[in-house]
Amino acid sequence: MVAQAHAIDLYCNTDKTVAMVFPPKNRRLIIGNDFPLFRLGHEVIKYVSSFKYLGHVITQNCSDEEDVQREIRNLFIRTNMLIRKFHRCSFQVKITLFKTYCLSMYDIALWTRYSQHCVNRFLSAYHKYLEMFLGIVDVTVLLKSY
């Protein structure tokens with residue numbers, strides 16, 4: 001395999017390359033939990049239980065809950081930046097800024113496996129951060145008007 005890769009000038013960064021084992025849906029089909037070392041040339045590829053690929057967190061159990069949690073953290077970071085820099089802007093400008101910087105969640109269309117509790121945490125964080133940025137107590141009144 002390595003000889004063919006060198007023949008076509010294909011190089012792999014083994015520091016960024018990982019392997020993941022997905023368990024079968026039927027637990028009775030599991031033969032063992034230990035897997036042999038996976039090598040690429042002379043380098044050993046490490047096994048991981050989750051990793052980020054193109055901004056989306058992929059886990060062994062195929063759940064999107066870690067990615068939802070990552071999006072909540074990103075929403076918190078963006079909102080704090082907006083509060084720090086634009087706290088004196090008008091209400092309408094704040095709404096536009098929040099829509100622009102905090103609603104650009106491109107990978108949420110990939111979410112397919114998550115719990116209702118996880119979605120409720122996301123919605124709660126969204127409402128909390130919007131209230132913090134706009135400086136209002138009840139955001140539901142605002143959302144009904146838009």
# chains A, B, ... in the order shown; residues from 1 in each chain; ligands from 1
>>> residues_around(residues="His56 in chain A", least_positions_apart="2", cutoff="8 Å", atoms="only C-alpha atoms", output="MDAnalysis selection string")
chainID A and resid 52:54 58 67 107
>>> residues_around(residues="Met132 in chain A", least_positions_apart="5", cutoff="12 Å", atoms="only C-alpha atoms", output="list in words")
Phe76, Thr79, Asn80, Met81, Leu82, Ile83, Arg84, His87, Lys94, Phe98, Ala125, Tyr126, His127, Val137, Asp138 and Val139 of chain A
>>> residues_around(residues="Val48 in chain A", least_positions_apart="4", cutoff="8 Å", atoms="only C-alpha atoms", output="PyMOL selection string")
chain A and resi 18-20
>>> write_last_selection(atoms="N, CA and C atoms", output="mmCIF file, in the first residue's frame")
data_model
loop_
_atom_site.group_PDB
_atom_site.id
_atom_site.type_symbol
_atom_site.label_atom_id
_atom_site.label_comp_id
_atom_site.auth_asym_id
_atom_site.auth_seq_id
_atom_site.Cartn_x
_atom_site.Cartn_y
_atom_site.Cartn_z
ATOM 1 N N VAL A 18 -6.785 9.710 12.088
ATOM 2 C CA VAL A 18 -7.250 8.882 13.194
ATOM 3 C C VAL A 18 -8.145 7.770 12.652
ATOM 4 N N ALA A 19 -8.365 6.768 13.477
ATOM 5 C CA ALA A 19 -9.269 5.668 13.136
ATOM 6 C C ALA A 19 -10.363 5.599 14.193
ATOM 7 N N MET A 20 -11.547 5.198 13.770
ATOM 8 C CA MET A 20 -12.660 5.071 14.686
ATOM 9 C C MET A 20 -13.374 3.756 14.401
#
>>> closest_residue(among="A:Phe51, A:Phe22, A:Asp64, A:Asn33", to="Thr112 in chain A", atoms="only C-alpha atoms")
A:Asp64
